[in-house]
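As provided, input.cif (mmCIF, C-alpha atoms (C1' of nucleotides)) reads as follows.
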data_input
#
loop_
_atom_site.label_atom_id
_atom_site.label_comp_id
_atom_site.auth_asym_id
_atom_site.auth_seq_id
_atom_site.Cartn_x
_atom_site.Cartn_y
_atom_site.Cartn_z
CA MET C 1 70.72 -23.37 241.59
CA ARG C 2 69.53 -20.17 243.11
CA LEU C 3 67.00 -19.32 245.73
CA SER C 4 64.57 -16.64 244.56
CA THR C 5 64.46 -13.27 246.29
CA ARG C 6 60.92 -14.15 247.29
CA GLY C 7 62.11 -17.29 249.01
CA GLU C 8 64.86 -15.42 250.75
CA TYR C 9 62.57 -12.61 251.90
CA ALA C 10 59.99 -15.10 253.08
CA SER C 11 62.46 -17.01 255.19
CA ARG C 12 63.86 -13.81 256.64
CA ALA C 13 60.38 -12.59 257.51
CA MET C 14 59.49 -15.89 259.11
CA LEU C 15 62.67 -15.76 261.13
CA GLU C 16 61.84 -12.24 262.29
CA LEU C 17 58.40 -13.42 263.36
CA SER C 18 59.93 -16.40 265.11
CA LEU C 19 62.31 -14.21 267.06
CA ASN C 20 59.27 -12.31 268.22
CA TRP C 21 57.15 -15.30 269.02
CA PRO C 22 54.85 -15.54 270.97
CA ARG C 23 54.54 -11.84 271.66
CA ARG C 24 52.15 -9.44 269.98
CA PRO C 25 51.84 -9.26 266.19
CA LEU C 26 54.45 -7.46 264.09
CA HIS C 27 53.46 -4.84 261.54
CA ILE C 28 54.50 -5.35 257.97
CA ARG C 29 56.53 -2.17 258.34
CA ASP C 30 58.48 -3.46 261.31
CA ILE C 31 59.46 -6.63 259.53
CA SER C 32 60.26 -4.66 256.43
CA GLN C 33 62.57 -2.34 258.33
CA ALA C 34 64.23 -4.99 260.44
CA GLN C 35 65.01 -7.14 257.43
CA HIS C 36 65.36 -4.51 254.74
CA ILE C 37 62.61 -5.90 252.57
CA PRO C 38 60.57 -3.58 250.30
CA GLU C 39 57.32 -3.03 252.16
CA ARG C 40 54.81 -3.57 249.38
CA PHE C 41 56.63 -6.64 248.17
CA LEU C 42 56.74 -8.05 251.66
CA GLU C 43 53.02 -7.45 251.93
CA GLN C 44 52.44 -9.87 249.05
CA ILE C 45 54.73 -12.44 250.51
CA LEU C 46 53.10 -12.37 253.92
CA LEU C 47 49.71 -12.67 252.33
CA LEU C 48 50.79 -15.81 250.50
CA LEU C 49 52.18 -17.26 253.69
CA LYS C 50 48.95 -16.44 255.44
CA ARG C 51 46.84 -18.11 252.77
CA ALA C 52 49.08 -21.15 253.01
CA GLY C 53 48.28 -21.32 256.71
CA TYR C 54 51.59 -20.29 258.21
CA LEU C 55 50.56 -16.86 259.43
CA ARG C 56 47.62 -15.17 261.03
CA SER C 57 46.86 -11.49 260.79
CA LYS C 58 44.91 -8.86 262.56
CA LYS C 59 43.74 -5.58 261.10
CA GLY C 60 43.54 -2.19 262.74
CA PRO C 61 45.58 -0.64 265.52
CA HIS C 62 47.83 -3.14 267.25
CA GLY C 63 47.28 -5.43 264.35
CA GLY C 64 49.93 -7.18 262.33
CA TYR C 65 51.16 -10.65 261.54
CA HIS C 66 52.10 -13.51 263.79
CA LEU C 67 52.90 -17.17 263.31
CA ALA C 68 49.97 -19.56 263.12
CA ARG C 69 52.03 -22.27 264.81
CA PRO C 70 55.08 -22.36 267.05
CA PRO C 71 58.39 -21.89 265.20
CA ALA C 72 59.43 -25.41 266.12
CA GLU C 73 56.60 -26.75 263.98
CA ILE C 74 57.45 -24.87 260.81
CA THR C 75 60.26 -26.04 258.58
CA VAL C 76 62.18 -23.95 256.09
CA ALA C 77 61.30 -26.47 253.39
CA GLU C 78 57.59 -25.72 253.75
CA VAL C 79 58.12 -22.01 253.41
CA ILE C 80 60.37 -22.31 250.40
CA ARG C 81 57.90 -24.61 248.70
CA VAL C 82 55.09 -22.12 249.24
CA MET C 83 57.12 -19.36 247.64
CA ASP C 84 59.13 -21.12 244.96
CA GLY C 85 57.52 -24.47 244.38
CA PRO C 86 59.35 -27.79 244.40
CA LEU C 87 62.84 -28.01 245.83
CA ALA C 88 64.04 -30.25 243.00
CA PRO C 89 66.57 -28.87 240.51
CA ILE C 90 64.58 -30.34 237.65
CA ASP C 91 60.97 -31.48 237.49
CA CYS C 92 61.45 -35.12 236.60
CA VAL C 93 62.99 -35.58 240.00
CA SER C 94 60.55 -33.58 242.07
CA VAL C 95 58.42 -35.24 244.72
CA THR C 96 55.77 -32.54 244.55
CA ALA C 97 55.75 -31.91 240.80
CA HIS C 98 56.73 -35.27 239.26
CA GLU C 99 56.89 -35.20 235.49
CA VAL C 100 57.76 -38.11 233.26
CA CYS C 101 60.98 -37.55 231.42
CA PRO C 102 60.71 -38.68 227.81
CA LEU C 103 64.41 -39.14 227.26
CA GLU C 104 66.31 -42.27 227.95
CA ALA C 105 69.73 -40.72 228.00
CA THR C 106 68.63 -38.13 230.50
CA CYS C 107 68.19 -40.98 232.87
CA GLY C 108 71.93 -41.12 233.08
CA LEU C 109 71.55 -37.87 234.96
CA ARG C 110 68.30 -38.47 236.76
CA TRP C 111 69.77 -40.28 239.75
CA LEU C 112 72.20 -37.41 240.22
CA TRP C 113 69.54 -34.71 240.31
CA LYS C 114 67.57 -36.92 242.63
CA ASP C 115 70.54 -37.12 244.98
CA VAL C 116 70.79 -33.35 244.93
CA ARG C 117 67.11 -32.90 245.58
CA ASP C 118 67.22 -35.34 248.47
CA ALA C 119 70.23 -33.68 250.02
CA VAL C 120 68.62 -30.26 249.87
CA ALA C 121 65.28 -31.54 251.12
CA ARG C 122 66.90 -33.39 253.99
CA ILE C 123 68.47 -30.19 255.27
CA LEU C 124 65.52 -27.89 254.76
CA GLU C 125 63.01 -30.35 256.11
CA ARG C 126 64.81 -30.95 259.34
CA THR C 127 65.46 -27.27 260.01
CA THR C 128 62.68 -25.40 261.79
CA PHE C 129 62.38 -21.69 262.46
CA ALA C 130 62.97 -22.45 266.11
CA ASP C 131 66.41 -23.77 265.12
CA LEU C 132 67.09 -20.62 263.15
CA ALA C 133 65.87 -18.33 265.92
CA ARG C 134 68.00 -20.13 268.47
CA ARG C 135 71.12 -19.66 266.41
CA ALA C 136 70.26 -16.10 265.46
CA ARG C 137 69.93 -15.08 269.12
CA ARG C 138 73.28 -16.58 269.97
CA LEU C 139 75.10 -14.34 267.52
CA PRO C 140 77.21 -11.37 268.67
CA ALA C 141 74.19 -9.36 267.51
CA ALA C 142 75.54 -6.12 266.18
CA GLY C 143 73.12 -3.21 265.71
CA GLY C 144 69.56 -4.12 266.47
CA ILE C 145 67.49 -7.18 266.08
CA ARG C 146 65.28 -5.58 268.66
CA LYS C 147 64.01 -2.24 267.57
CA LYS C 148 61.31 -0.43 269.46
CA LYS C 149 61.38 3.19 268.29
CA ARG C 150 58.48 4.62 266.41
CA MET A 1 66.19 -23.91 243.63
CA ARG A 2 66.13 -24.77 240.00
CA LEU A 3 68.76 -25.77 237.51
CA SER A 4 68.61 -23.64 234.38
CA THR A 5 67.79 -25.19 231.04
CA ARG A 6 71.28 -24.20 229.98
CA GLY A 7 72.77 -26.17 232.81
CA GLU A 8 70.61 -29.15 232.02
CA TYR A 9 71.40 -29.06 228.30
CA ALA A 10 75.09 -28.66 229.02
CA SER A 11 75.20 -31.67 231.29
CA ARG A 12 73.21 -33.75 228.81
CA ALA A 13 75.55 -32.76 226.00
CA MET A 14 78.61 -33.55 228.08
CA LEU A 15 77.13 -36.93 228.92
CA GLU A 16 76.49 -37.62 225.26
CA LEU A 17 80.09 -36.74 224.46
CA SER A 18 81.28 -38.91 227.32
CA LEU A 19 79.32 -41.90 226.06
CA ASN A 20 81.08 -41.41 222.77
CA TRP A 21 84.53 -40.80 224.15
CA PRO A 22 87.23 -41.35 222.94
CA ARG A 23 85.90 -41.99 219.47
CA ARG A 24 85.68 -39.41 216.71
CA PRO A 25 84.08 -35.99 217.29
CA LEU A 26 80.30 -35.58 217.38
CA HIS A 27 78.53 -32.97 215.26
CA ILE A 28 76.40 -30.42 216.99
CA ARG A 29 73.50 -31.88 215.07
CA ASP A 30 74.08 -35.40 216.38
CA ILE A 31 74.14 -34.25 219.97
CA SER A 32 71.13 -32.06 219.35
CA GLN A 33 69.15 -34.98 217.95
CA ALA A 34 70.24 -37.53 220.52
CA GLN A 35 69.36 -35.27 223.41
CA HIS A 36 66.54 -33.21 221.92
CA ILE A 37 68.26 -29.90 222.37
CA PRO A 38 67.55 -26.97 219.99
CA GLU A 39 70.51 -26.94 217.64
CA ARG A 40 71.38 -23.25 217.62
CA PHE A 41 71.02 -23.02 221.37
CA LEU A 42 73.24 -26.04 221.83
CA GLU A 43 75.78 -24.38 219.58
CA GLN A 44 76.13 -21.53 222.09
CA ILE A 45 76.41 -23.89 224.98
CA LEU A 46 79.13 -25.97 223.37
CA LEU A 47 81.02 -22.84 222.50
CA LEU A 48 81.00 -21.71 226.12
CA LEU A 49 82.18 -25.12 227.23
CA LYS A 50 84.92 -24.98 224.67
CA ARG A 51 86.09 -21.56 225.78
CA ALA A 52 86.11 -22.80 229.33
CA GLY A 53 88.47 -25.55 228.26
CA TYR A 54 86.20 -28.58 228.52
CA LEU A 55 85.78 -29.25 224.83
CA ARG A 56 87.82 -29.16 221.68
CA SER A 57 86.39 -28.72 218.24
CA LYS A 58 87.31 -29.39 214.68
CA LYS A 59 85.85 -27.67 211.67
CA GLY A 60 85.06 -29.11 208.28
CA PRO A 61 84.02 -32.61 207.22
CA HIS A 62 84.43 -35.14 210.02
CA GLY A 63 84.63 -32.23 212.38
CA GLY A 64 82.65 -31.74 215.54
CA TYR A 65 83.16 -31.57 219.24
CA HIS A 66 84.94 -33.88 221.61
CA LEU A 67 86.01 -33.74 225.23
CA ALA A 68 89.26 -31.99 226.01
CA ARG A 69 89.91 -34.40 228.88
CA PRO A 70 88.75 -37.88 229.83
CA PRO A 71 85.24 -38.00 231.35
CA ALA A 72 86.69 -39.18 234.63
CA GLU A 73 88.45 -35.85 235.00
CA ILE A 74 85.44 -33.62 234.48
CA THR A 75 82.95 -33.10 237.29
CA VAL A 76 79.36 -32.03 236.94
CA ALA A 77 80.04 -29.15 239.32
CA GLU A 78 82.51 -27.60 236.92
CA VAL A 79 80.12 -27.73 234.03
CA ILE A 80 77.23 -26.28 235.99
CA ARG A 81 79.42 -23.47 237.25
CA VAL A 82 80.46 -22.58 233.71
CA MET A 83 76.84 -22.38 232.64
CA ASP A 84 75.03 -21.02 235.67
CA GLY A 85 77.66 -19.56 237.95
CA PRO A 86 78.02 -20.38 241.63
CA LEU A 87 76.25 -23.39 243.08
CA ALA A 88 75.22 -21.47 246.19
CA PRO A 89 71.53 -20.69 246.73
CA ILE A 90 72.44 -17.12 247.73
CA ASP A 91 75.57 -15.10 247.10
CA CYS A 92 76.65 -14.43 250.65
CA VAL A 93 77.34 -18.12 250.96
CA SER A 94 79.05 -18.73 247.67
CA VAL A 95 82.64 -19.85 247.52
CA THR A 96 83.13 -18.49 244.02
CA ALA A 97 81.06 -15.29 244.20
CA HIS A 98 81.57 -14.01 247.71
CA GLU A 99 79.51 -11.05 248.84
CA VAL A 100 79.37 -9.52 252.28
CA CYS A 101 75.93 -9.65 253.76
CA PRO A 102 75.04 -6.37 255.43
CA LEU A 103 72.31 -7.77 257.64
CA GLU A 104 72.82 -9.21 261.06
CA ALA A 105 69.57 -11.05 261.31
CA THR A 106 70.15 -12.72 257.99
CA CYS A 107 73.04 -14.47 259.62
CA GLY A 108 70.47 -16.54 261.41
CA LEU A 109 69.96 -18.06 258.00
CA ARG A 110 73.46 -17.94 256.63
CA TRP A 111 74.66 -21.18 258.14
CA LEU A 112 71.65 -22.94 256.69
CA TRP A 113 72.27 -21.79 253.14
CA LYS A 114 75.89 -22.68 253.62
CA ASP A 115 74.89 -26.20 254.60
CA VAL A 116 72.75 -26.44 251.49
CA ARG A 117 75.52 -25.13 249.27
CA ASP A 118 78.00 -27.58 250.75
CA ALA A 119 75.66 -30.53 250.34
CA VAL A 120 75.03 -29.72 246.70
CA ALA A 121 78.69 -29.03 246.00
CA ARG A 122 79.75 -32.26 247.66
CA ILE A 123 77.56 -34.30 245.34
CA LEU A 124 78.31 -32.43 242.14
CA GLU A 125 82.03 -32.22 242.80
CA ARG A 126 82.49 -35.90 243.39
CA THR A 127 80.45 -36.94 240.35
CA THR A 128 82.33 -37.12 237.08
CA PHE A 129 80.98 -37.68 233.62
CA ALA A 130 82.59 -41.09 233.68
CA ASP A 131 80.29 -41.95 236.60
CA LEU A 132 77.30 -40.72 234.64
CA ALA A 133 78.30 -42.57 231.49
CA ARG A 134 78.80 -45.79 233.40
CA ARG A 135 75.33 -45.63 234.88
CA ALA A 136 73.72 -44.48 231.65
CA ARG A 137 75.06 -47.49 229.78
CA ARG A 138 73.76 -49.86 232.38
CA LEU A 139 70.15 -48.73 231.97
CA PRO A 140 67.50 -50.96 230.31
CA ALA A 141 67.24 -48.41 227.50
CA ALA A 142 63.50 -48.50 226.88
CA GLY A 143 63.14 -46.88 223.43
CA GLY A 144 65.92 -47.96 221.13
CA ILE A 145 68.57 -50.46 221.97
CA ARG A 146 67.56 -53.83 223.28
CA LYS A 147 69.51 -55.50 225.96
CA LYS A 148 72.13 -57.84 224.61
CA LYS A 149 71.00 -61.43 224.25
CA ARG A 150 73.15 -64.22 225.49
"C1'" DT X 1 34.28 8.48 263.01
"C1'" DA X 2 39.11 8.99 262.35
"C1'" DA X 3 43.16 6.58 262.19
"C1'" DT X 4 45.45 2.30 261.71
"C1'" DA X 5 46.67 -1.74 259.33
"C1'" DG X 6 45.91 -5.71 256.55
"C1'" DT X 7 43.54 -7.24 251.70
"C1'" DC X 8 43.30 -7.67 246.99
"C1'" DG X 9 43.75 -7.34 242.05
"C1'" DA X 10 46.03 -5.22 238.61
"C1'" DT X 11 49.89 -3.81 236.44
"C1'" DA X 12 54.50 -1.72 235.74
"C1'" DA X 13 59.40 -2.39 235.62
"C1'" DT X 14 63.16 -5.18 235.33
"C1'" DT X 15 65.87 -8.95 234.61
"C1'" DT X 16 66.96 -13.33 233.07
"C1'" DC X 17 66.63 -16.90 229.96
"C1'" DA X 18 66.02 -19.23 225.78
"C1'" DA X 19 66.41 -18.99 221.20
"C1'" DT X 20 67.39 -16.99 216.55
"C1'" DT X 21 69.87 -14.52 212.99
"C1'" DG X 22 73.32 -13.77 209.62
"C1'" DA X 23 77.74 -13.22 208.28
"C1'" DC X 24 82.23 -15.34 208.99
"C1'" DT X 25 86.38 -18.65 209.13
"C1'" DA X 26 88.68 -23.11 208.93
"C1'" DA X 27 89.15 -27.75 207.11
"C1'" DC X 28 88.58 -31.21 204.06
"C1'" DT X 29 87.88 -33.41 199.26
"C1'" DA X 30 87.32 -33.87 194.48
"C1'" DT K 1 91.29 -24.33 193.96
"C1'" DA K 2 86.23 -24.61 194.10
"C1'" DG K 3 82.75 -26.29 196.74
"C1'" DT K 4 80.93 -28.13 200.75
"C1'" DT K 5 80.92 -29.07 205.47
"C1'" DA K 6 80.98 -27.53 210.08
"C1'" DG K 7 82.24 -24.70 213.84
"C1'" DT K 8 82.61 -19.29 215.35
"C1'" DC K 9 80.91 -15.12 216.88
"C1'" DA K 10 78.20 -11.03 218.13
"C1'" DA K 11 74.06 -9.09 218.24
"C1'" DT K 12 69.48 -9.15 219.11
"C1'" DT K 13 64.91 -10.66 219.78
"C1'" DG K 14 61.09 -12.64 222.22
"C1'" DA K 15 59.07 -14.46 226.07
"C1'" DA K 16 58.61 -15.45 230.61
"C1'" DA K 17 59.52 -14.97 235.24
"C1'" DT K 18 60.59 -12.12 238.81
"C1'" DT K 19 60.46 -8.17 241.48
"C1'" DA K 20 58.13 -4.34 242.79
"C1'" DT K 21 54.47 -0.72 242.96
"C1'" DC K 22 49.73 1.29 243.08
"C1'" DG K 23 45.15 2.39 244.46
"C1'" DA K 24 41.08 1.39 246.28
"C1'" DC K 25 38.97 -1.59 249.74
"C1'" DT K 26 37.72 -3.76 254.41
"C1'" DA K 27 38.18 -4.69 259.28
"C1'" DT K 28 39.51 -3.04 263.86
"C1'" DT K 29 40.18 -0.10 267.48
"C1'" DA K 30 40.05 4.06 270.36
#
Go through the file and emit its structure as structure tokens.
Amino acid sequence: MRLSTRGEYASRAMLELSLNWPRRPLHIRDISQAQHIPERFLEQILLLLKRAGYLRSKKGPHGGYHLARPPAEITVAEVIRVMDGPLAPIDCVSVTAHEVCPLEATCGLRWLWKDVRDAVARILERTTFADLARRARRLPAAGGIRKKKR
Amino acid sequence: MRLSTRGEYASRAMLELSLNWPRRPLHIRDISQAQHIPERFLEQILLLLKRAGYLRSKKGPHGGYHLARPPAEITVAEVIRVMDGPLAPIDCVSVTAHEVCPLEATCGLRWLWKDVRDAVARILERTTFADLARRARRLPAAGGIRKKKR
DNA sequence: TAATAGTCGATAATTTCAATTGACTAACTA
DNA sequence: TAGTTAGTCAATTGAAATTATCGACTATTA
């Protein structure tokens, strides 16, 4: 029942970008350092998020990534789905992947996995990156969310 | 956010054993055939469940596996934990794994993953195999058994 | 045009997962 | 007690997914 590292990195990166919103773009490197994500791996992740329409990018000096929409309009569920696919614990219960389950007896379990899927989806679909940013800012904030040195 | 095949097989096998409870033991082969689970793989799974105290076994003719406790006293959460470990989507939020997260900014996400973990745990901890068996029996049973005539 | 910074495809490294194997032990039954 | 049934166990293989890295490329800016 685990979230992939990709999914975790993606949500952390999106949060970092949301904390920065709507200021100038962030470099891959800045996000990487702030969130301790391997730079080249993060590069891939951001590219996927861009292709999926959640980020925009700019090349060259003063380039970088920024959100394509305000944080309040992006849910965690969307981001996780882009990175990891359906939220459902098994396919026969997925809204986005639906697969017909050939076993009768499995059906004794189907409603349960559906309950789980729904519970997870409910939480992740109602939580936006604005919610996350709001709560992140309120924290005692040790060390440095804001980091300006170069 | 996926359930492993192991976890799925284990819960199917436990359901099969619960449907049979408290009659005589089931052979690995019977469970394997009823639930379409590779026999030698199922063997491993049942052994783990036995070692964890959920099953008892008997060798020789008329041997097989049976539940160590009544289905009403075994939750799905327990079985999934035996097979796949903690229910939590990430470790820093797990009740059974516990890991200190070194990042401040991540904490902006921590509460969310905790909510997800709790939601999943709540469902899987309140659902017993007796619940599953009850609902499985009630199904129309498309392939094999016809509904009883009256 | 030099430096910056994202783009892209390929692939390497690692880990996890699913499954298989063979040799073994216990229990029953004829 | 011999023979068969059935679970036990450790080791390992194979495959797939995941995580991560690389190098060459393109766009942008000063």
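Each of A:Ile74, A:Leu26, A:Leu19, A:Ala52 was compared to chain K using all atoms listed in the file, and A:Leu26 turns out to be the nearest.
These residues, each with an atom at most 9 Å from (65.1, -8.1, 235.8) using all atoms listed in the file, are DA13, DT14, DT15 and DT16 of chain X; DA17, DT18 and DT19 of chain K.
Shell of DC17 in chain X at 12 Å, with all atoms listed in the file counted and residues fewer than 6 places along the chain excluded, is Leu3, Ser4, Thr5, Arg6, Gly7, Phe41, Met83 and Asp84 of chain A; DG14, DA15, DA16, DA17 and DT18 of chain K.
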*Output of the PyMOL selection byres ((chain C) within 6 of (chain A)), listed as a PyMOL selection string*: chain C and resi 1-3+87+89+108+116+120+132+135-136
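Once chain C is fitted onto chain A using all Cα atoms matched in sequence order, the root-mean-square deviation is 3.6 Å.
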With a distance threshold of 9 Å and counting only C-alpha atoms (C1' of nucleotides), extract the residues of chain A near chain K and express them as a CSV table (one decimal) with C-alpha atoms, keeping the file's coordinate frame.
chain,number,residue,atom,x,y,z
A,27,HIS,CA,78.5,-33.0,215.3
A,28,ILE,CA,76.4,-30.4,217.0
A,43,GLU,CA,75.8,-24.4,219.6
A,47,LEU,CA,81.0,-22.8,222.5
A,57,SER,CA,86.4,-28.7,218.2
A,58,LYS,CA,87.3,-29.4,214.7
A,59,LYS,CA,85.8,-27.7,211.7
A,60,GLY,CA,85.1,-29.1,208.3
A,61,PRO,CA,84.0,-32.6,207.2
A,62,HIS,CA,84.4,-35.1,210.0
A,63,GLY,CA,84.6,-32.2,212.4
A,64,GLY,CA,82.6,-31.7,215.5
A,65,TYR,CA,83.2,-31.6,219.2
